[in-house]
$ cat final.tsv   # TSV, C-alpha atoms
chain	number	residue	atom	x	y	z
A	878	MET	CA	-8.20	27.75	-11.94
A	879	ASN	CA	-7.62	26.53	-8.38
A	880	GLN	CA	-6.73	22.89	-7.93
A	881	ARG	CA	-8.84	20.67	-5.71
A	882	ASN	CA	-7.51	17.67	-3.82
A	883	ILE	CA	-9.91	14.73	-4.19
A	884	ALA	CA	-9.74	11.51	-2.17
A	885	LEU	CA	-11.46	8.32	-3.31
A	886	LYS	CA	-12.21	5.15	-1.39
A	887	VAL	CA	-11.84	2.21	-3.74
A	888	ALA	CA	-12.53	-1.53	-3.70
A	889	TYR	CA	-11.18	-4.00	-6.23
A	890	ASP	CA	-10.69	-7.66	-6.97
A	891	GLY	CA	-6.99	-7.83	-7.79
A	892	THR	CA	-7.13	-11.21	-9.54
A	893	HIS	CA	-6.72	-9.88	-13.07
A	894	TYR	CA	-4.45	-6.91	-12.32
A	895	HIS	CA	-0.70	-6.57	-12.19
A	896	GLY	CA	-0.99	-4.84	-8.82
A	897	PHE	CA	-2.30	-1.39	-8.02
A	898	GLN	CA	0.59	0.76	-9.22
A	899	ARG	CA	0.79	1.73	-12.86
A	900	GLN	CA	3.31	-0.37	-14.83
A	901	PRO	CA	4.66	-0.35	-18.38
A	902	GLU	CA	1.97	-1.68	-20.70
A	903	PHE	CA	3.66	-5.01	-21.36
A	904	HIS	CA	3.22	-6.00	-17.71
A	905	GLY	CA	-0.56	-5.94	-18.01
A	906	PRO	CA	-3.42	-3.85	-16.57
A	907	THR	CA	-3.21	-2.16	-13.17
A	908	VAL	CA	-5.85	-0.66	-10.89
A	909	GLN	CA	-4.16	2.75	-10.95
A	910	GLY	CA	-4.02	2.72	-14.72
A	911	SER	CA	-7.71	1.86	-14.94
A	912	LEU	CA	-8.74	4.64	-12.55
A	913	GLU	CA	-6.58	7.27	-14.25
A	914	SER	CA	-7.81	6.27	-17.72
A	915	VAL	CA	-11.45	6.51	-16.65
A	916	TRP	CA	-10.88	9.94	-15.13
A	917	ALA	CA	-9.23	11.12	-18.35
A	918	GLU	CA	-12.18	9.82	-20.35
A	919	LEU	CA	-14.68	11.54	-18.06
A	920	VAL	CA	-13.15	15.01	-17.81
A	921	GLU	CA	-10.34	15.05	-20.37
A	922	GLU	CA	-7.72	15.60	-17.68
A	923	VAL	CA	-4.57	13.62	-16.95
A	924	VAL	CA	-4.01	12.99	-13.22
A	925	THR	CA	-1.60	10.92	-11.16
A	926	LEU	CA	-3.03	9.06	-8.19
A	927	ASN	CA	-1.34	8.76	-4.81
A	928	MET	CA	-2.25	5.49	-3.10
A	929	ALA	CA	-2.43	4.48	0.56
A	930	GLY	CA	-0.96	1.04	-0.13
A	931	ARG	CA	0.82	-0.34	-3.19
A	932	THR	CA	-0.90	-3.71	-3.36
A	933	ASP	CA	0.88	-6.38	-5.43
A	934	LYS	CA	-0.38	-8.52	-8.29
A	935	GLY	CA	-3.40	-10.55	-7.19
A	936	VAL	CA	-3.96	-8.67	-3.91
A	937	HIS	CA	-7.43	-7.26	-3.23
A	938	ALA	CA	-8.80	-4.20	-1.43
A	939	THR	CA	-12.06	-3.21	0.20
A	940	GLY	CA	-10.69	0.04	1.65
A	941	GLN	CA	-7.94	1.40	-0.59
A	942	VAL	CA	-7.66	5.21	-0.51
A	943	VAL	CA	-6.24	7.37	-3.30
A	944	ASN	CA	-5.99	11.11	-3.86
A	945	PHE	CA	-5.25	13.38	-6.81
A	946	GLN	CA	-5.17	17.03	-7.79
A	947	THR	CA	-7.79	18.24	-10.27
A	948	SER	CA	-8.89	21.53	-11.79
A	949	THR	CA	-12.33	20.25	-12.79
A	950	ARG	CA	-15.39	21.34	-10.81
A	951	ILE	CA	-17.39	18.12	-10.96
A	952	PRO	CA	-19.30	17.77	-7.64
A	953	VAL	CA	-17.75	15.10	-5.42
A	954	ASP	CA	-21.08	13.37	-4.84
A	955	LYS	CA	-21.30	12.71	-8.60
A	956	ILE	CA	-17.82	11.20	-8.92
A	957	PRO	CA	-18.46	7.59	-7.75
A	958	LYS	CA	-21.43	7.05	-10.06
A	959	ALA	CA	-19.68	8.67	-13.02
A	960	MET	CA	-16.48	6.65	-12.61
A	961	ASN	CA	-18.28	3.38	-11.89
A	962	SER	CA	-20.24	3.73	-15.12
A	963	LEU	CA	-16.96	3.37	-17.04
A	964	LEU	CA	-14.81	1.23	-14.74
A	965	PRO	CA	-14.58	-2.56	-15.14
A	966	ARG	CA	-16.86	-4.44	-12.78
A	967	ASP	CA	-13.99	-5.60	-10.56
A	968	ILE	CA	-13.14	-2.00	-9.53
A	969	ARG	CA	-15.60	0.24	-7.68
A	970	VAL	CA	-15.31	3.77	-6.32
A	971	PHE	CA	-17.70	4.02	-3.40
A	972	GLU	CA	-16.72	7.31	-1.74
A	973	ALA	CA	-15.31	10.65	-2.95
A	974	GLU	CA	-14.37	13.63	-0.80
A	975	GLU	CA	-12.66	16.96	-1.26
A	976	VAL	CA	-9.78	17.03	1.24
A	977	ALA	CA	-7.17	19.51	2.47
A	978	GLU	CA	-4.38	20.46	0.10
A	979	SER	CA	-1.87	18.79	2.45
A	980	PHE	CA	-3.67	15.41	2.43
A	981	HIS	CA	-1.69	12.53	0.90
A	982	ALA	CA	-3.24	9.05	0.76
A	983	ARG	CA	-0.04	7.36	1.83
A	984	PHE	CA	1.82	9.84	4.02
A	985	SER	CA	-1.25	11.09	5.91
A	986	ALA	CA	-2.36	7.57	6.91
A	987	ARG	CA	-2.08	6.80	10.62
A	988	TRP	CA	-2.63	3.05	10.41
A	989	LYS	CA	-3.89	0.32	8.09
A	990	ARG	CA	-5.66	-2.99	8.39
A	991	TYR	CA	-4.91	-6.05	6.26
A	992	ASP	CA	-6.73	-9.39	6.37
A	993	TYR	CA	-5.34	-12.67	5.09
A	994	GLN	CA	-7.66	-15.64	4.52
A	995	ILE	CA	-6.80	-19.33	4.52
A	996	ASP	CA	-9.19	-22.02	3.32
A	997	ASN	CA	-8.37	-24.95	5.60
A	998	HIS	CA	-10.91	-27.40	4.22
A	999	LYS	CA	-9.63	-30.71	2.86
A	1000	ILE	CA	-11.21	-29.83	-0.50
A	1001	ALA	CA	-10.98	-26.22	-1.64
A	1002	ASP	CA	-14.06	-24.03	-1.35
A	1003	VAL	CA	-15.08	-23.15	-4.91
A	1004	PHE	CA	-16.39	-19.72	-3.92
A	1005	ASN	CA	-13.33	-18.66	-1.90
A	1006	ARG	CA	-10.71	-19.78	-4.40
A	1007	LEU	CA	-9.82	-16.24	-5.52
A	1008	TYR	CA	-9.78	-14.70	-2.03
A	1009	ALA	CA	-8.23	-17.35	0.20
A	1010	VAL	CA	-5.19	-19.62	0.00
A	1011	HIS	CA	-6.08	-23.29	0.21
A	1012	VAL	CA	-4.09	-25.29	2.77
A	1013	PRO	CA	-5.55	-28.82	2.78
A	1014	VAL	CA	-3.63	-30.13	5.82
A	1015	PRO	CA	-5.14	-29.33	9.24
A	1016	LEU	CA	-3.75	-26.17	10.83
A	1017	ASP	CA	-3.61	-25.62	14.58
A	1018	TRP	CA	-5.08	-22.12	14.45
A	1019	GLN	CA	-4.83	-21.71	18.23
A	1020	LYS	CA	-1.05	-22.15	18.06
A	1021	MET	CA	-1.08	-19.67	15.18
A	1022	GLN	CA	-2.90	-17.23	17.48
A	1023	GLN	CA	-0.30	-17.77	20.21
A	1024	ALA	CA	2.47	-16.95	17.73
A	1025	ALA	CA	0.58	-13.95	16.36
A	1026	GLN	CA	0.29	-12.41	19.83
A	1027	LEU	CA	4.09	-12.44	20.12
A	1028	MET	CA	4.30	-10.12	17.09
A	1029	VAL	CA	2.11	-7.42	18.64
A	1030	GLY	CA	3.99	-4.27	19.65
A	1031	ARG	CA	6.86	-2.28	18.20
A	1032	HIS	CA	9.55	-4.50	16.70
A	1033	ASN	CA	12.20	-4.64	14.02
A	1034	PHE	CA	10.35	-6.61	11.31
A	1035	LYS	CA	13.32	-7.06	8.99
A	1036	ALA	CA	12.85	-10.85	9.15
A	1037	PHE	CA	9.32	-10.30	7.80
A	1038	SER	CA	10.22	-8.23	4.74
A	1039	SER	CA	11.27	-9.13	1.21
A	1040	VAL	CA	14.18	-7.77	-0.76
A	1041	GLY	CA	12.97	-5.10	-3.17
A	1042	GLY	CA	11.21	-2.74	-0.79
A	1043	ASN	CA	12.37	0.85	-0.46
A	1044	SER	CA	12.08	1.17	3.33
A	1045	LYS	CA	15.18	2.44	5.11
A	1046	THR	CA	14.02	1.45	8.57
A	1047	PHE	CA	12.39	-1.79	9.68
A	1048	GLU	CA	10.73	-0.81	12.95
A	1049	ARG	CA	6.96	-0.96	12.80
A	1050	THR	CA	4.15	-1.17	15.35
A	1051	LEU	CA	1.54	-3.92	15.11
A	1052	TYR	CA	-1.47	-2.93	17.18
A	1053	VAL	CA	-3.28	-6.16	16.29
A	1054	CYS	CA	-2.07	-9.50	14.98
A	1055	GLN	CA	-4.91	-11.93	15.46
A	1056	VAL	CA	-5.93	-15.33	14.12
A	1057	THR	CA	-9.55	-16.45	14.11
A	1058	GLU	CA	-11.30	-19.49	12.66
A	1059	HIS	CA	-14.88	-20.03	11.48
A	1060	GLN	CA	-16.10	-23.17	9.73
A	1061	GLY	CA	-12.75	-23.98	8.17
A	1062	LEU	CA	-11.86	-20.43	7.14
A	1063	ILE	CA	-8.90	-18.98	9.04
A	1064	ARG	CA	-8.38	-15.22	9.05
A	1065	ILE	CA	-5.21	-13.39	10.04
A	1066	THR	CA	-5.81	-9.72	10.83
A	1067	CYS	CA	-2.89	-7.29	11.01
A	1068	ILE	CA	-3.37	-3.65	12.02
A	1069	GLY	CA	-0.26	-1.48	12.13
A	1070	ASP	CA	1.22	1.96	11.64
A	1071	GLY	CA	3.04	0.81	8.53
A	1072	PHE	CA	4.00	-2.33	6.65
A	1073	LEU	CA	7.19	-3.43	4.92
A	1074	TYR	CA	7.30	-5.01	1.47
A	1075	ASN	CA	5.43	-8.36	1.67
A	1076	MET	CA	5.28	-8.09	5.47
A	1077	VAL	CA	1.73	-9.38	5.92
A	1078	ARG	CA	2.24	-12.22	3.43
A	1079	ILE	CA	5.41	-13.30	5.26
A	1080	ILE	CA	3.60	-13.11	8.60
A	1081	ALA	CA	0.87	-15.28	7.06
A	1082	GLY	CA	3.39	-17.78	5.66
A	1083	THR	CA	5.16	-17.97	9.02
A	1084	LEU	CA	1.90	-18.50	10.91
A	1085	ILE	CA	0.91	-21.25	8.45
A	1086	TYR	CA	4.21	-22.97	9.31
A	1087	VAL	CA	3.32	-22.57	12.99
A	1088	GLY	CA	-0.09	-24.12	12.30
A	1089	ARG	CA	1.63	-27.04	10.55
A	1090	LYS	CA	3.98	-27.38	13.57
A	1091	ARG	CA	7.09	-26.62	11.54
A	1092	ILE	CA	7.82	-23.54	13.66
A	1093	PRO	CA	6.89	-23.41	17.38
A	1094	PRO	CA	5.10	-20.28	18.60
A	1095	GLU	CA	7.89	-19.55	21.07
A	1096	ALA	CA	10.35	-19.15	18.18
A	1097	ILE	CA	8.77	-15.86	17.08
A	1098	PRO	CA	10.70	-13.53	19.45
A	1099	GLY	CA	13.99	-15.05	18.27
A	1100	ILE	CA	13.03	-14.62	14.61
A	1101	LEU	CA	12.23	-10.96	15.26
A	1102	GLU	CA	15.42	-10.41	17.23
A	1103	ARG	CA	17.77	-12.00	14.69
A	1104	GLY	CA	16.15	-10.22	11.76
A	1105	GLU	CA	17.02	-13.01	9.32
A	1106	ARG	CA	14.43	-13.65	6.60
A	1107	LYS	CA	15.41	-17.33	6.26
A	1108	ARG	CA	14.20	-18.13	9.78
A	1109	GLY	CA	10.57	-17.35	9.01
A	1110	GLY	CA	8.06	-19.12	6.82
A	1111	PRO	CA	7.54	-18.61	3.07
A	1112	THR	CA	5.81	-15.62	1.54
A	1113	ALA	CA	2.17	-16.65	1.31
A	1114	ALA	CA	0.35	-16.32	-2.02
A	1115	PRO	CA	-1.12	-12.87	-2.82
A	1116	ARG	CA	-4.72	-13.91	-3.44
A	1117	GLY	CA	-5.40	-14.39	0.28
A	1118	LEU	CA	-4.55	-10.77	1.11
A	1119	THR	CA	-6.95	-7.82	1.28
A	1120	LEU	CA	-6.26	-4.20	2.23
A	1121	SER	CA	-9.34	-3.67	4.35
A	1122	TYR	CA	-9.09	-0.24	5.96
A	1123	VAL	CA	-6.94	2.88	6.06
A	1124	HIS	CA	-7.35	5.37	8.91
A	1125	TYR	CA	-6.41	9.05	8.92
A	1126	GLY	CA	-7.81	10.35	12.22
A	1127	GLU	CA	-6.42	10.40	15.74
A	1128	GLU	CA	-8.36	7.32	16.85
A	1129	LEU	CA	-6.48	4.15	17.67
A	1130	PRO	CA	-7.55	0.76	16.29
A	1131	LYS	CA	-9.24	-0.11	19.60
A	1132	ASP	CA	-11.62	2.81	19.02
A	1133	ILE	CA	-12.59	1.52	15.57
A	1134	PHE	CA	-12.34	-2.26	16.07
A	1135	PRO	CA	-12.99	-2.89	19.80
A	1136	GLU	CA	-13.72	-6.57	19.14
A	1137	PHE	CA	-9.98	-7.22	18.81
A	1138	TYR	CA	-9.38	-5.92	22.33
A	1139	GLN	CA	-12.03	-7.87	24.25
$ encode --input "final.tsv" --output "structure tokens"
Amino acid sequence: MNQRNIALKVAYDGTHYHGFQRQPEFHGPTVQGSLESVWAELVEEVVTLNMAGRTDKGVHATGQVVNFQTSTRIPVDKIPKAMNSLLPRDIRVFEAEEVAESFHARFSARWKRYDYQIDNHKIADVFNRLYAVHVPVPLDWQKMQQAAQLMVGRHNFKAFSSVGGNSKTFERTLYVCQVTEHQGLIRITCIGDGFLYNMVRIIAGTLIYVGRKRIPPEAIPGILERGERKRGGPTAAPRGLTLSYVHYGEELPKDIFPEFYQ
């Protein structure tokens, strides 16, 4: 029987998962493990998912993409409802599509968008506690925006990566690195052609230090040039991070998110 290549668009609250990627059982549940187990229960077939982004423990997604090979003939329009009927409530499949045999969720991606949220109220917002990092001291978000703009472009981001990643090169392009604020909630948006291990969380931690006036915005080019991790800020907590969007077409981010280019 011919194999089909199925892509799923998935959202999840990562609070109670040990990241997306399947881990040995003693580490705890993973999103990948949950999805694969549900598929096996539905069609009695073992599959291995490819993922667009390997989100860490506690990181969320509204636009994760996965793909897998299957020999079953279940219609793609039936897949989301069938899987969601068995998945835990903090994981949802909201799109399924049959894609070309060559499609790979990670290697076919052209660019990705991540958003990092900071609750900058003096007292933490009860309803954002799982999806934003609380920083009770006032942050100068406009200085954070100045620093963020200096990261846009193609750079060596070695200073913004953690030990433990498997990347052999550190050059990446950030199309967008933008800081906005609304009623005490600060959002850092990063759109790029690829991200190093913990890159967005280190960018967030560094920009928080800029907002606290521990690092001046004008120090960013030097941090990038020297490539030394110790010169940046700390790695911000995972719960503020969301993988928001993965793009596979020829369009550039300005075609999809023109508001960042106004």
$ atom_distance --input "final.tsv" --atom1 "CA of Gln994 in chain A" --atom2 "CA of Pro1098 in chain A"
23.8 Å
$ closest_atom_pairs --input "final.tsv" --of "range 910-1021 of chain A" --to "range 1028-1044 of chain A" --cutoff "12 Å" --atoms "all atoms listed in the file" --output "tab-separated table"
residue	atom	partner	partner_atom	distance
A:Arg931	CA	A:Gly1042	CA	10.9
A:Asp933	CA	A:Gly1042	CA	11.9
A:Met1021	CA	A:Met1028	CA	11.1
$ atom_distance --input "final.tsv" --atom1 "CA of Gln946 in chain A" --atom2 "CA of Arg881 in chain A"
5.6 Å
$ closest_residue --input "final.tsv" --among "A:Val1077, A:Ala1001, A:Val920, A:Val908" --to "His893 in chain A" --atoms "all atoms listed in the file"
A:Val908
$ residues_near_point --input "final.tsv" --point "(-6.4, 1.7, 3.3)" --cutoff "9 Å" --atoms "all atoms listed in the file" --output "list in words"
Lys886, Val887, Met928, Ala929, Gly930, Ala938, Thr939, Gly940, Gln941, Val942, Val943, Ala982, Arg983, Ala986, Trp988, Lys989, Arg990, Tyr991, Leu1120, Ser1121, Tyr1122, Val1123 and His1124 of chain A
$ residues_around --input "final.tsv" --residues "Gln1055 in chain A" --least-positions-apart "6" --cutoff "9 Å" --atoms "all atoms listed in the file" --output "list in words"
Met1021, Gln1022, Gln1023, Ala1025, Gln1026, Val1029, Arg1064, Ile1065, Thr1066, Cys1067 and Phe1137 of chain A
$ atom_distance --input "final.tsv" --atom1 "CA of Asp967 in chain A" --atom2 "CA of Val1003 in chain A"
18.5 Å
$ closest_residue --input "final.tsv" --among "A:Lys1020, A:Arg1106, A:His1059, A:Arg1049" --to "Leu1084 in chain A" --atoms "only C-alpha atoms"
A:Lys1020
$ residues_around --input "final.tsv" --residues "range 1110-1115 of chain A" --least-positions-apart "4" --cutoff "10 Å" --atoms "all atoms listed in the file" --output "VMD selection string"
chain A and resid 891 to 892 932 to 937 993 995 1007 to 1011 1036 to 1039 1075 to 1087 1091 to 1092 1106 1119
